[in-house]
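Here's the structure we're looking at; comments come further down.
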Amino acid sequence: MSQSSNPPSVLTATPRTRAIADNPRLATRATALLQTFRAFVQLDAQDAATVVAYLREVSYAPGEVLFRAGDTQAVAHLLLLLEGEVSVETGTHLPGLEVPIAVLGAGSVLGEMAVLDGAPRSATCTAVTPVKAAGLARRGLERLIDEHPKVAARLMVVLAQHMAERLRALDDQLRMYGQIHSAIGRTGG
């Protein structure tokens, strides 16, 4: 773990990885979770098993940062959470103030936007508990596209559906915050 310019209380992860297929229990869990996404196009068992062949097992200890908002270095992978919980925070325009937006558990996908477009990370994700995840590197995604284009297309639809659901949830949160702000303004608080 490196602690370069980060505050001493925040750990930056140096993920420990291995092929997910080397851990049959986690490979089976990843296959099952990939099939449970509610999407227009579903991944069947064979598609999910194909995707699992491209995944790497990644582990994080509590307090380790999986991704940091604005990071341009660690944008080459997404994570499917298999075990544990991760806190997701987004920055504000106030230095050092991050707002928690979610705590995610098994079945959640993190980092899909950055792996698709290569842009800096949009949120900071920190392990709350010990985390096991299945990572898909951009290189692995490109290989999947080349070697199994139909499966890759279905996976992309699943990821797009997932991102759309997140955007809708965030829109609902922003609408609620706007209503709270308006109510506070009316009461003079």
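Labels used: A, B, ... for chains in the order of the structure tokens, numbers from 1 for residues in each chain, and numbers from 1 for ligands as shown.
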Using the chain letters and numbers from this document, which residues of chain A does DSSP assign to alpha helix (DSSP H), as a PyMOL selection string?
chain A and resi 24-36+45-52+112-117+138-147+149-187
Please write the residues from the selection above to a file, keeping C-alpha atoms, as a compact mmCIF listing (two decimals), in the first residue's frame.
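Output file out-v7.txt follows:
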# COMPACT_ATOMS: atom_id res chain seq x y z
CA PRO A 24 -13.82 -21.34 -8.11
CA ARG A 25 -16.03 -19.97 -5.31
CA LEU A 26 -15.59 -16.36 -6.46
CA ALA A 27 -15.80 -17.34 -10.15
CA THR A 28 -19.17 -18.99 -9.46
CA ARG A 29 -20.30 -15.90 -7.51
CA ALA A 30 -19.23 -13.57 -10.34
CA THR A 31 -21.04 -15.72 -12.91
CA ALA A 32 -24.23 -15.65 -10.82
CA LEU A 33 -24.05 -11.89 -10.20
CA LEU A 34 -23.47 -11.14 -13.88
CA GLN A 35 -26.72 -12.95 -14.65
CA THR A 36 -28.77 -10.98 -12.11
CA ALA A 45 -24.95 -18.51 -17.97
CA GLN A 46 -22.72 -19.09 -21.00
CA ASP A 47 -22.23 -15.34 -21.61
CA ALA A 48 -21.47 -14.76 -17.93
CA ALA A 49 -18.93 -17.62 -17.91
CA THR A 50 -17.28 -16.10 -20.99
CA VAL A 51 -16.98 -12.72 -19.25
CA VAL A 52 -15.64 -14.34 -16.06
CA GLU A 112 -17.61 1.40 -15.54
CA MET A 113 -17.63 4.97 -16.87
CA ALA A 114 -13.86 5.40 -16.68
CA VAL A 115 -13.09 2.02 -18.25
CA LEU A 116 -15.38 2.87 -21.17
CA ASP A 117 -14.26 6.44 -21.84
CA ARG A 138 -9.78 -2.12 -20.33
CA ARG A 139 -7.33 -4.49 -22.07
CA GLY A 140 -9.54 -7.44 -21.08
CA LEU A 141 -12.63 -5.64 -22.37
CA GLU A 142 -10.87 -4.99 -25.69
CA ARG A 143 -9.91 -8.68 -25.92
CA LEU A 144 -13.50 -9.68 -25.12
CA ILE A 145 -14.72 -7.38 -27.92
CA ASP A 146 -12.26 -8.94 -30.38
CA GLU A 147 -12.79 -12.56 -29.35
CA PRO A 149 -18.15 -9.52 -29.98
CA LYS A 150 -21.75 -10.63 -29.30
CA VAL A 151 -21.07 -11.30 -25.62
CA ALA A 152 -19.19 -7.99 -25.38
CA ALA A 153 -22.13 -6.17 -26.97
CA ARG A 154 -24.54 -7.70 -24.43
CA LEU A 155 -22.17 -6.76 -21.60
CA MET A 156 -22.01 -3.17 -22.90
CA VAL A 157 -25.83 -2.99 -22.90
CA VAL A 158 -25.87 -4.27 -19.31
CA LEU A 159 -23.27 -1.65 -18.30
CA ALA A 160 -25.18 1.11 -20.11
CA GLN A 161 -28.40 0.08 -18.34
CA HIS A 162 -26.53 0.09 -15.03
CA MET A 163 -25.16 3.60 -15.67
CA ALA A 164 -28.63 4.84 -16.66
CA GLU A 165 -30.09 3.51 -13.39
CA ARG A 166 -27.35 5.27 -11.43
CA LEU A 167 -27.94 8.55 -13.26
CA ARG A 168 -31.67 8.34 -12.56
CA ALA A 169 -31.00 7.68 -8.86
CA LEU A 170 -28.56 10.60 -8.72
CA ASP A 171 -31.13 12.82 -10.45
CA ASP A 172 -33.68 11.83 -7.78
CA GLN A 173 -31.15 12.69 -5.04
CA LEU A 174 -30.39 16.07 -6.59
CA ARG A 175 -34.10 16.84 -6.90
CA MET A 176 -34.56 15.98 -3.20
CA TYR A 177 -31.57 18.16 -2.20
CA GLY A 178 -33.04 21.00 -4.26
CA GLN A 179 -36.36 20.66 -2.44
CA ILE A 180 -34.59 20.67 0.94
CA HIS A 181 -32.58 23.74 -0.08
CA SER A 182 -35.76 25.54 -1.17
CA ALA A 183 -37.54 24.61 2.07
CA ILE A 184 -34.63 25.88 4.17
CA GLY A 185 -34.58 29.10 2.15
CA ARG A 186 -38.30 29.65 2.77
CA THR A 187 -37.96 29.14 6.52
Please identify all polymer residues within 8 Å of range 104-110 of chain A, counting only C-alpha atoms, omitting same-chain residues fewer than 4 positions from it, and present them as a ChimeraX atom specification.
/A:33-34,78-88
